[in-house]
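Source file: entry27.pdb; contents: PDB, C-alpha atoms (C1' of nucleotides).
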```
ATOM      1  CA  MET A  20     -15.956  23.212 -13.684
ATOM      2  CA  GLN A  21     -12.245  23.575 -13.871
ATOM      3  CA  TYR A  22      -9.896  22.404 -11.169
ATOM      4  CA  LYS A  23      -6.541  23.794 -10.304
ATOM      5  CA  TYR A  24      -4.835  20.396 -10.144
ATOM      6  CA  ASN A  25      -5.563  17.796 -12.749
ATOM      7  CA  THR A  26      -3.714  14.900 -11.113
ATOM      8  CA  MET A  27      -4.645  15.491  -7.520
ATOM      9  CA  GLY A  28      -4.795  12.354  -5.481
ATOM     10  CA  ALA A  29      -2.991  10.149  -7.970
ATOM     11  CA  THR A  30       0.541   8.925  -7.405
ATOM     12  CA  LYS A  31       3.068  10.815  -9.563
ATOM     13  CA  THR A  32       4.443   7.669 -11.140
ATOM     14  CA  ASP A  33       6.133   9.535 -13.987
ATOM     15  CA  SER A  34       8.357  11.374 -11.547
ATOM     16  CA  PHE A  35      10.089   8.209 -10.385
ATOM     17  CA  THR A  36      12.266   5.559 -11.983
ATOM     18  CA  ASP A  37      10.899   2.287 -13.321
ATOM     19  CA  LYS A  38      12.751   0.399 -10.618
ATOM     20  CA  GLN A  39      11.286   2.570  -7.881
ATOM     21  CA  ASN A  40       7.804   2.095  -9.257
ATOM     22  CA  GLU A  41       8.252  -1.654  -9.612
ATOM     23  CA  LEU A  42       9.503  -2.044  -6.058
ATOM     24  CA  ALA A  43       6.629   0.070  -4.801
ATOM     25  CA  ILE A  44       4.133  -2.086  -6.683
ATOM     26  CA  LEU A  45       5.575  -5.243  -5.131
ATOM     27  CA  ALA A  46       5.615  -3.780  -1.629
ATOM     28  CA  LYS A  47       2.141  -2.364  -2.056
ATOM     29  CA  ALA A  48       0.835  -5.767  -3.081
ATOM     30  CA  LEU A  49       2.090  -7.114   0.248
ATOM     31  CA  GLY A  50       0.648  -4.148   2.114
ATOM     32  CA  HIS A  51      -2.587  -5.773   3.244
ATOM     33  CA  PRO A  52      -3.013  -8.385   6.001
ATOM     34  CA  ALA A  53      -5.188 -10.576   3.797
ATOM     35  CA  ARG A  54      -2.472 -10.749   1.188
ATOM     36  CA  ILE A  55       0.161 -11.491   3.818
ATOM     37  CA  ALA A  56      -2.148 -14.254   5.071
ATOM     38  CA  ILE A  57      -2.412 -15.688   1.571
ATOM     39  CA  ILE A  58       1.379 -15.785   1.195
ATOM     40  CA  GLU A  59       1.787 -17.323   4.643
ATOM     41  CA  TYR A  60      -0.773 -19.968   3.832
ATOM     42  CA  LEU A  61       0.956 -20.824   0.566
ATOM     43  CA  LEU A  62       4.189 -21.219   2.512
ATOM     44  CA  LYS A  63       2.554 -23.228   5.286
ATOM     45  CA  VAL A  64       1.089 -25.902   3.089
ATOM     46  CA  ASP A  65       4.359 -25.909   1.176
ATOM     47  CA  SER A  66       2.707 -26.832  -2.091
ATOM     48  CA  CYS A  67       0.254 -25.479  -4.555
ATOM     49  CA  ILE A  68      -3.201 -24.694  -3.309
ATOM     50  CA  CYS A  69      -6.079 -25.812  -5.434
ATOM     51  CA  GLY A  70      -9.197 -24.131  -4.249
ATOM     52  CA  ASP A  71      -9.351 -23.719  -0.494
ATOM     53  CA  ILE A  72      -7.940 -20.249  -0.106
ATOM     54  CA  VAL A  73     -11.375 -18.665   0.256
ATOM     55  CA  ASN A  74     -12.204 -20.939   3.184
ATOM     56  CA  GLU A  75      -8.958 -20.016   4.910
ATOM     57  CA  LEU A  76      -9.609 -16.294   4.928
ATOM     58  CA  PRO A  77     -12.143 -14.291   6.958
ATOM     59  CA  LEU A  78     -13.378 -12.479   3.872
ATOM     60  CA  ALA A  79     -16.067 -13.013   1.272
ATOM     61  CA  GLN A  80     -15.234 -14.834  -1.943
ATOM     62  CA  PRO A  81     -15.227 -11.768  -4.218
ATOM     63  CA  THR A  82     -12.892  -9.974  -1.827
ATOM     64  CA  VAL A  83     -10.462 -12.882  -1.729
ATOM     65  CA  SER A  84     -10.605 -13.124  -5.508
ATOM     66  CA  GLN A  85      -9.682  -9.465  -5.694
ATOM     67  CA  HIS A  86      -6.703  -9.880  -3.357
ATOM     68  CA  LEU A  87      -5.491 -12.893  -5.328
ATOM     69  CA  LYS A  88      -5.722 -10.840  -8.497
ATOM     70  CA  GLU A  89      -3.581  -8.105  -7.002
ATOM     71  CA  LEU A  90      -0.895 -10.545  -5.898
ATOM     72  CA  LYS A  91      -0.986 -12.088  -9.345
ATOM     73  CA  ASN A  92      -0.745  -8.726 -11.125
ATOM     74  CA  ALA A  93       2.264  -7.818  -9.006
ATOM     75  CA  GLY A  94       3.913 -11.102 -10.016
ATOM     76  CA  ILE A  95       4.064 -12.435  -6.476
ATOM     77  CA  ILE A  96       1.891 -15.491  -7.026
ATOM     78  CA  LYS A  97       0.775 -17.419 -10.063
ATOM     79  CA  GLY A  98      -2.256 -19.606 -10.649
ATOM     80  CA  ASN A  99      -3.619 -21.839 -13.345
ATOM     81  CA  PHE A 100      -6.687 -23.961 -13.811
ATOM     82  CA  GLU A 101      -6.229 -27.417 -12.381
ATOM     83  CA  GLY A 102      -9.372 -29.431 -12.914
ATOM     84  CA  ASN A 103     -12.318 -27.819 -11.216
ATOM     85  CA  SER A 104     -10.322 -25.243  -9.287
ATOM     86  CA  ILE A 105      -7.286 -23.032  -9.630
ATOM     87  CA  CYS A 106      -3.862 -24.017  -8.465
ATOM     88  CA  TYR A 107      -1.993 -21.175  -6.783
ATOM     89  CA  CYS A 108       1.609 -20.935  -5.717
ATOM     90  CA  ILE A 109       4.340 -18.388  -5.133
ATOM     91  CA  ASN A 110       5.940 -17.004  -8.261
ATOM     92  CA  GLU A 111       9.643 -17.080  -7.507
ATOM     93  CA  PRO A 112      10.881 -14.565 -10.094
ATOM     94  CA  GLY A 113       8.496 -12.027  -8.635
ATOM     95  CA  PHE A 114      10.289 -12.296  -5.336
ATOM     96  CA  GLU A 115      13.800 -11.937  -6.668
ATOM     97  CA  GLN A 116      13.499  -8.215  -7.152
ATOM     98  CA  ILE A 117      12.022  -7.344  -3.801
ATOM     99  CA  LYS A 118      14.347  -9.808  -2.089
ATOM    100  CA  GLY A 119      17.289  -8.075  -3.739
ATOM    101  CA  PHE A 120      16.088  -4.739  -2.464
ATOM    102  CA  PHE A 121      16.075  -5.948   1.108
ATOM    103  CA  GLN A 122      19.423  -7.652   0.692
ATOM    104  CA  ASP A 123      20.906  -4.379  -0.544
ATOM    105  CA  ILE A 124      19.575  -2.581   2.481
ATOM    106  CA  THR A 125      20.912  -5.244   4.807
ATOM    107  CA  LYS A 126      24.331  -5.108   3.164
ATOM    108  CA  HIS A 127      24.503  -1.348   3.567
ATOM    109  CA  LEU A 128      23.397  -1.473   7.164
ATOM    110  CA  ASP A 129      25.902  -4.178   8.033
ATOM    111  CA  LYS A 130      28.709  -2.279   6.360
ATOM    112  CA  LYS A 131      28.155   0.995   8.113
ATOM    113  CA  LYS A 132      26.389   1.746  11.342
ATOM    114  CA  ASN A 133      24.741   4.972  10.341
ATOM    115  CA  ASP A 134      22.655   5.449  13.420
ATOM    116  CA  CYS A 135      23.693   8.930  14.414
ATOM    117  CA  CYS A 136      20.070   9.914  14.857
TER     118      CYS A 136
ATOM    119  CA  MET B  20     -29.693   7.535   6.742
ATOM    120  CA  GLN B  21     -28.727   4.035   7.661
ATOM    121  CA  TYR B  22     -26.289   1.968   5.667
ATOM    122  CA  LYS B  23     -26.223  -1.762   5.296
ATOM    123  CA  TYR B  24     -22.510  -2.072   6.014
ATOM    124  CA  ASN B  25     -20.916  -0.120   8.787
ATOM    125  CA  THR B  26     -17.280  -0.940   8.007
ATOM    126  CA  MET B  27     -17.413  -0.764   4.256
ATOM    127  CA  GLY B  28     -14.170   0.277   2.674
ATOM    128  CA  ALA B  29     -12.036  -0.201   5.753
ATOM    129  CA  THR B  30      -9.532  -3.023   6.102
ATOM    130  CA  LYS B  31     -10.779  -5.763   8.453
ATOM    131  CA  THR B  32      -7.752  -5.547  10.698
ATOM    132  CA  ASP B  33      -9.434  -7.424  13.539
ATOM    133  CA  SER B  34      -9.787 -10.514  11.391
ATOM    134  CA  PHE B  35      -6.034 -10.979  11.084
ATOM    135  CA  THR B  36      -3.180 -11.682  13.458
ATOM    136  CA  ASP B  37      -0.971  -8.973  14.920
ATOM    137  CA  LYS B  38       1.983 -10.281  12.967
ATOM    138  CA  GLN B  39       0.057 -10.193   9.709
ATOM    139  CA  ASN B  40      -1.070  -6.647  10.377
ATOM    140  CA  GLU B  41       2.424  -5.524  11.348
ATOM    141  CA  LEU B  42       3.986  -6.991   8.236
ATOM    142  CA  ALA B  43       1.296  -5.404   6.112
ATOM    143  CA  ILE B  44       1.955  -2.018   7.705
ATOM    144  CA  LEU B  45       5.669  -2.297   6.955
ATOM    145  CA  ALA B  46       5.098  -3.406   3.359
ATOM    146  CA  LYS B  47       2.470  -0.752   2.841
ATOM    147  CA  ALA B  48       4.861   1.919   4.043
ATOM    148  CA  LEU B  49       7.236   0.854   1.270
ATOM    149  CA  GLY B  50       4.413   0.722  -1.258
ATOM    150  CA  HIS B  51       4.961   4.139  -2.796
ATOM    151  CA  PRO B  52       7.745   5.165  -5.193
ATOM    152  CA  ALA B  53       8.491   8.328  -3.222
ATOM    153  CA  ARG B  54       9.096   6.289  -0.080
ATOM    154  CA  ILE B  55      11.262   3.816  -1.987
ATOM    155  CA  ALA B  56      13.199   6.824  -3.283
ATOM    156  CA  ILE B  57      13.677   8.122   0.245
ATOM    157  CA  ILE B  58      15.061   4.768   1.419
ATOM    158  CA  GLU B  59      17.323   4.517  -1.619
ATOM    159  CA  TYR B  60      18.640   7.997  -1.004
ATOM    160  CA  LEU B  61      19.356   7.242   2.637
ATOM    161  CA  LEU B  62      21.303   4.181   1.504
ATOM    162  CA  LYS B  63      23.114   6.049  -1.255
ATOM    163  CA  VAL B  64      24.554   8.762   0.932
ATOM    164  CA  ASP B  65      25.356   6.089   3.491
ATOM    165  CA  SER B  66      24.902   8.417   6.420
ATOM    166  CA  CYS B  67      22.260  10.458   8.092
ATOM    167  CA  ILE B  68      20.566  13.093   6.037
ATOM    168  CA  CYS B  69      20.072  16.449   7.610
ATOM    169  CA  GLY B  70      17.675  18.428   5.577
ATOM    170  CA  ASP B  71      18.011  17.870   1.858
ATOM    171  CA  ILE B  72      15.460  15.144   1.314
ATOM    172  CA  VAL B  73      12.854  17.577   0.033
ATOM    173  CA  ASN B  74      15.226  18.819  -2.688
ATOM    174  CA  GLU B  75      15.921  15.260  -3.785
ATOM    175  CA  LEU B  76      12.309  14.396  -4.440
ATOM    176  CA  PRO B  77       9.993  15.622  -7.213
ATOM    177  CA  LEU B  78       7.251  16.466  -4.763
ATOM    178  CA  ALA B  79       6.209  19.486  -2.757
ATOM    179  CA  GLN B  80       7.494  19.896   0.767
ATOM    180  CA  PRO B  81       4.247  19.026   2.574
ATOM    181  CA  THR B  82       3.960  15.852   0.504
ATOM    182  CA  VAL B  83       7.500  14.786   1.337
ATOM    183  CA  SER B  84       6.887  15.551   4.968
ATOM    184  CA  GLN B  85       3.843  13.310   4.850
ATOM    185  CA  HIS B  86       5.796  10.441   3.298
ATOM    186  CA  LEU B  87       8.564  10.794   5.863
ATOM    187  CA  LYS B  88       5.963  10.657   8.599
ATOM    188  CA  GLU B  89       4.560   7.407   7.222
ATOM    189  CA  LEU B  90       7.985   5.786   7.065
ATOM    190  CA  LYS B  91       8.621   6.981  10.594
ATOM    191  CA  ASN B  92       5.290   5.678  11.889
ATOM    192  CA  ALA B  93       6.006   2.291  10.360
ATOM    193  CA  GLY B  94       9.368   2.258  12.151
ATOM    194  CA  ILE B  95      11.383   2.122   8.953
ATOM    195  CA  ILE B  96      13.249   5.383   9.450
ATOM    196  CA  LYS B  97      13.958   7.624  12.401
ATOM    197  CA  GLY B  98      14.732  11.296  12.623
ATOM    198  CA  ASN B  99      15.657  13.864  15.223
ATOM    199  CA  PHE B 100      16.373  17.552  15.277
ATOM    200  CA  GLU B 101      19.978  18.301  14.489
ATOM    201  CA  GLY B 102      20.575  22.016  14.513
ATOM    202  CA  ASN B 103      18.350  23.788  12.073
ATOM    203  CA  SER B 104      17.140  20.669  10.306
ATOM    204  CA  ILE B 105      16.204  17.066  10.995
ATOM    205  CA  CYS B 106      18.613  14.204  10.754
ATOM    206  CA  TYR B 107      17.060  11.136   9.156
ATOM    207  CA  CYS B 108      18.385   7.617   8.859
ATOM    208  CA  ILE B 109      17.177   4.048   8.534
ATOM    209  CA  ASN B 110      15.841   2.489  11.703
ATOM    210  CA  GLU B 111      17.416  -0.933  11.808
ATOM    211  CA  PRO B 112      15.031  -2.700  14.199
ATOM    212  CA  GLY B 113      12.175  -1.740  11.931
ATOM    213  CA  PHE B 114      13.755  -3.709   9.151
ATOM    214  CA  GLU B 115      14.421  -6.873  11.127
ATOM    215  CA  GLN B 116      10.818  -7.994  11.022
ATOM    216  CA  ILE B 117      10.202  -7.476   7.345
ATOM    217  CA  LYS B 118      13.647  -8.861   6.534
ATOM    218  CA  GLY B 119      12.782 -11.989   8.501
ATOM    219  CA  PHE B 120       9.585 -12.384   6.553
ATOM    220  CA  PHE B 121      11.443 -12.407   3.268
ATOM    221  CA  GLN B 122      14.099 -14.712   4.628
ATOM    222  CA  ASP B 123      11.384 -17.171   5.659
ATOM    223  CA  ILE B 124       9.929 -17.108   2.193
ATOM    224  CA  THR B 125      13.331 -17.595   0.626
ATOM    225  CA  LYS B 126      14.071 -20.521   2.920
ATOM    226  CA  HIS B 127      10.808 -22.214   2.010
ATOM    227  CA  LEU B 128      11.285 -21.667  -1.677
ATOM    228  CA  ASP B 129      14.840 -22.987  -1.589
ATOM    229  CA  LYS B 130      13.776 -26.067   0.344
ATOM    230  CA  LYS B 131      10.974 -27.073  -1.934
ATOM    231  CA  LYS B 132      10.375 -26.204  -5.535
ATOM    232  CA  ASN B 133       6.630 -25.839  -5.395
ATOM    233  CA  ASP B 134       6.124 -24.585  -8.896
ATOM    234  CA  CYS B 135       3.559 -27.039 -10.138
ATOM    235  CA  CYS B 136       1.442 -24.212 -11.501
TER     236      CYS B 136
ATOM    237  C1'  DT C   3      13.725  40.500  19.280
ATOM    238  C1'  DT C   4      13.321  39.903  14.383
ATOM    239  C1'  DA C   5      14.168  37.635  10.100
ATOM    240  C1'  DA C   6      15.299  33.588   7.759
ATOM    241  C1'  DT C   7      15.164  28.688   7.176
ATOM    242  C1'  DA C   8      13.374  24.064   7.831
ATOM    243  C1'  DT C   9       9.747  21.102   8.876
ATOM    244  C1'  DA C  10       4.928  19.978  10.313
ATOM    245  C1'  DT C  11       0.007  20.493  10.206
ATOM    246  C1'  DC C  12      -4.501  21.800   8.266
ATOM    247  C1'  DG C  13      -7.775  21.854   4.761
ATOM    248  C1'  DT C  14      -9.297  20.175   0.691
ATOM    249  C1'  DA C  15      -9.712  18.068  -3.969
ATOM    250  C1'  DA C  16      -9.050  14.101  -6.310
ATOM    251  C1'  DT C  17      -7.906   9.229  -6.986
ATOM    252  C1'  DA C  18      -7.293   4.517  -4.954
ATOM    253  C1'  DT C  19      -8.491   0.754  -2.124
ATOM    254  C1'  DT C  20     -11.503  -2.229   0.473
ATOM    255  C1'  DG C  21     -15.425  -5.098   0.931
ATOM    256  C1'  DC C  22     -19.485  -7.522  -0.408
ATOM    257  C1'  DA C  23     -24.033  -8.685  -2.831
ATOM    258  C1'  DA C  24     -25.441  -9.853  -7.155
ATOM    259  C1'  DT C  25     -24.294 -11.839 -11.146
ATOM    260  C1'  DA C  26     -21.532 -13.886 -14.805
ATOM    261  C1'  DT C  27     -18.424 -17.341 -16.433
ATOM    262  C1'  DA C  28     -16.052 -21.647 -16.815
ATOM    263  C1'  DA C  29     -15.113 -26.356 -15.905
ATOM    264  C1'  DA C  30     -16.606 -30.887 -14.125
ATOM    265  C1'  DT C  31     -20.087 -34.087 -13.355
ATOM    266  C1'  DA C  32     -24.584 -36.194 -13.469
TER     267       DA C  32
ATOM    268  C1'  DT D  10     -27.760 -30.968 -21.937
ATOM    269  C1'  DA D  11     -28.523 -29.559 -17.193
ATOM    270  C1'  DT D  12     -26.637 -29.074 -12.661
ATOM    271  C1'  DT D  13     -23.189 -28.277  -9.592
ATOM    272  C1'  DT D  14     -18.964 -26.175  -8.071
ATOM    273  C1'  DA D  15     -15.297 -22.805  -8.308
ATOM    274  C1'  DT D  16     -13.744 -18.470  -9.555
ATOM    275  C1'  DA D  17     -14.194 -13.854 -11.768
ATOM    276  C1'  DT D  18     -16.531  -9.561 -12.751
ATOM    277  C1'  DT D  19     -19.687  -5.748 -11.940
ATOM    278  C1'  DG D  20     -21.583  -2.200  -9.267
ATOM    279  C1'  DC D  21     -21.522   0.410  -5.462
ATOM    280  C1'  DA D  22     -20.827   2.302  -0.676
ATOM    281  C1'  DA D  23     -17.441   3.583   2.309
ATOM    282  C1'  DT D  24     -12.760   4.506   3.886
ATOM    283  C1'  DA D  25      -7.836   5.498   2.730
ATOM    284  C1'  DT D  26      -4.227   7.643   0.245
ATOM    285  C1'  DT D  27      -2.043  11.186  -2.468
ATOM    286  C1'  DA D  28      -0.893  15.800  -3.399
ATOM    287  C1'  DC D  29      -0.342  20.606  -2.547
ATOM    288  C1'  DG D  30      -1.432  25.555  -1.067
ATOM    289  C1'  DA D  31      -1.776  27.977   3.012
ATOM    290  C1'  DT D  32      -0.344  28.333   7.362
ATOM    291  C1'  DA D  33       1.759  27.176  11.797
ATOM    292  C1'  DT D  34       5.771  25.983  14.431
ATOM    293  C1'  DA D  35      10.469  25.597  15.724
ATOM    294  C1'  DT D  36      15.240  26.495  15.425
ATOM    295  C1'  DT D  37      19.118  29.389  13.922
ATOM    296  C1'  DA D  38      21.178  33.553  12.738
ATOM    297  C1'  DA D  39      21.306  38.452  12.420
TER     298       DA D  39
END
```

Rewrite the structure of this file - the entire thing - as structure tokens.
Amino acid sequence: MQYKYNTMGATKTDSFTDKQNELAILAKALGHPARIAIIEYLLKVDSCICGDIVNELPLAQPTVSQHLKELKNAGIIKGNFEGNSICYCINEPGFEQIKGFFQDITKHLDKKKNDCC
Amino acid sequence: MQYKYNTMGATKTDSFTDKQNELAILAKALGHPARIAIIEYLLKVDSCICGDIVNELPLAQPTVSQHLKELKNAGIIKGNFEGNSICYCINEPGFEQIKGFFQDITKHLDKKKNDCC
DNA sequence: TTAATATATCGTAATATTGCAATATAAATA
DNA sequence: TATTTATATTGCAATATTACGATATATTAA
């Protein structure tokens, strides 16, 4: 069977710039409460976490593992084996880009009050 | 037919805090290159846009309309009828929350170099 | 009122994400 | 080596998102 649209449903990544796609990937990685919770927990303990992230979240171990993988793929966290468990922490370079995006927005908004709407 | 899991596939929103869910909604709204492009365009022209967003994006009009709706629902942009078209601009209060989140992270990271991983 | 223009909604096809049980893998310890 | 502990992967069921044609709606202009 032949369909009319061969890319239906998939994001048209090729139609956007690399920067736009990269920002979207970073934002998307933060677009789930479990992943926000993971980041918040990493900030709360203010050090690397070696193994207790699963116990902190209200989700099954495979699900948590999946969320950690997504944050890692997006460059937001990093993790390495540390003895019997894995040591996770925030990956600072990964934040620079998305931080810069929000700083740009803030700068623009401060400079000009464009709230005619 | 009865299934084993009745919430399979859906995000377990109830298991997270309101703040976590709200942040996730904001980040998720920015998690698509078309929506990043819309924000960037609004910043670039540095004023309200009345009607030419569809022409700026490489997507069909209903798709753009859908993306605008998502940004609007998340509180990131606002838009009202202005003559024959709709005037869109960034909704500043919507940014305060997500901006604060990134500022918190930055503060933590500046305070303590937790890159043992 | 009618035609033109701009935007939204509906319907639908396709891909993506979410979640977890079962299982595999990898490292530490007995 | 065998067992335990921690994490990853696989497979699958279900929901969510993406995209666009067709169509509806709403405002302006003729």

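Atom CA of His86 of chain B to atom C1' of DT20 of chain C spans 21.6 Å [interatomic distance, one decimal].
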
**Request:** Write out as a list in words every residue belonging to chain A that has an atom at most 6 Å from any atom of chain C, counting only C-alpha atoms (C1' of nucleotides).
**Result:** Met27, Gly28, Ala29 and Asn103 of chain A

**Request:** At a cut-off of 8 Å, list the chain D residues touching chain B, using all atoms listed in the file, as a count of residues only.
**Result:** 8

What residues in chain B have any atom no more than 7 Å from chain A when counting only C-alpha atoms, and can you write them as a tab-separated table (two decimals) with C-alpha atoms, in the frame of the given file?
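Wrote it out as part_12.tsv, contents follow:
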```tsv
chain	number	residue	atom	x	y	z
B	34	SER	CA	-9.79	-10.51	11.39
B	35	PHE	CA	-6.03	-10.98	11.08
B	39	GLN	CA	0.06	-10.19	9.71
B	40	ASN	CA	-1.07	-6.65	10.38
B	43	ALA	CA	1.30	-5.40	6.11
B	44	ILE	CA	1.96	-2.02	7.70
B	46	ALA	CA	5.10	-3.41	3.36
B	47	LYS	CA	2.47	-0.75	2.84
B	49	LEU	CA	7.24	0.85	1.27
B	50	GLY	CA	4.41	0.72	-1.26
B	51	HIS	CA	4.96	4.14	-2.80
B	52	PRO	CA	7.74	5.16	-5.19
B	55	ILE	CA	11.26	3.82	-1.99
B	56	ALA	CA	13.20	6.82	-3.28
B	62	LEU	CA	21.30	4.18	1.50
B	65	ASP	CA	25.36	6.09	3.49
B	66	SER	CA	24.90	8.42	6.42
B	67	CYS	CA	22.26	10.46	8.09
B	77	PRO	CA	9.99	15.62	-7.21
B	97	LYS	CA	13.96	7.62	12.40
B	98	GLY	CA	14.73	11.30	12.62
B	99	ASN	CA	15.66	13.86	15.22
B	106	CYS	CA	18.61	14.20	10.75
B	107	TYR	CA	17.06	11.14	9.16
B	108	CYS	CA	18.39	7.62	8.86
B	118	LYS	CA	13.65	-8.86	6.53
B	121	PHE	CA	11.44	-12.41	3.27
B	127	HIS	CA	10.81	-22.21	2.01
B	133	ASN	CA	6.63	-25.84	-5.40
B	134	ASP	CA	6.12	-24.58	-8.90
B	135	CYS	CA	3.56	-27.04	-10.14
B	136	CYS	CA	1.44	-24.21	-11.50
```

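Relative to atom CA of Ile57 of chain A, atom CA of Gly70 of chain A is found at 12.3 Å.
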
As lines of an AutoDock Vina configuration file, what would the box around segment 18-32 of chain C look like: edges along x, y and z, 8 Å added on every side, centre and edge lengths in Å to one decimal?
```
center_x = -16.4
center_y = -15.8
center_z = -7.9
size_x = 34.1
size_y = 56.7
size_z = 33.7
```

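Here atom CA of Asp71 of chain B stands at a distance of 20.3 Å from atom CA of Asn92 of chain B.
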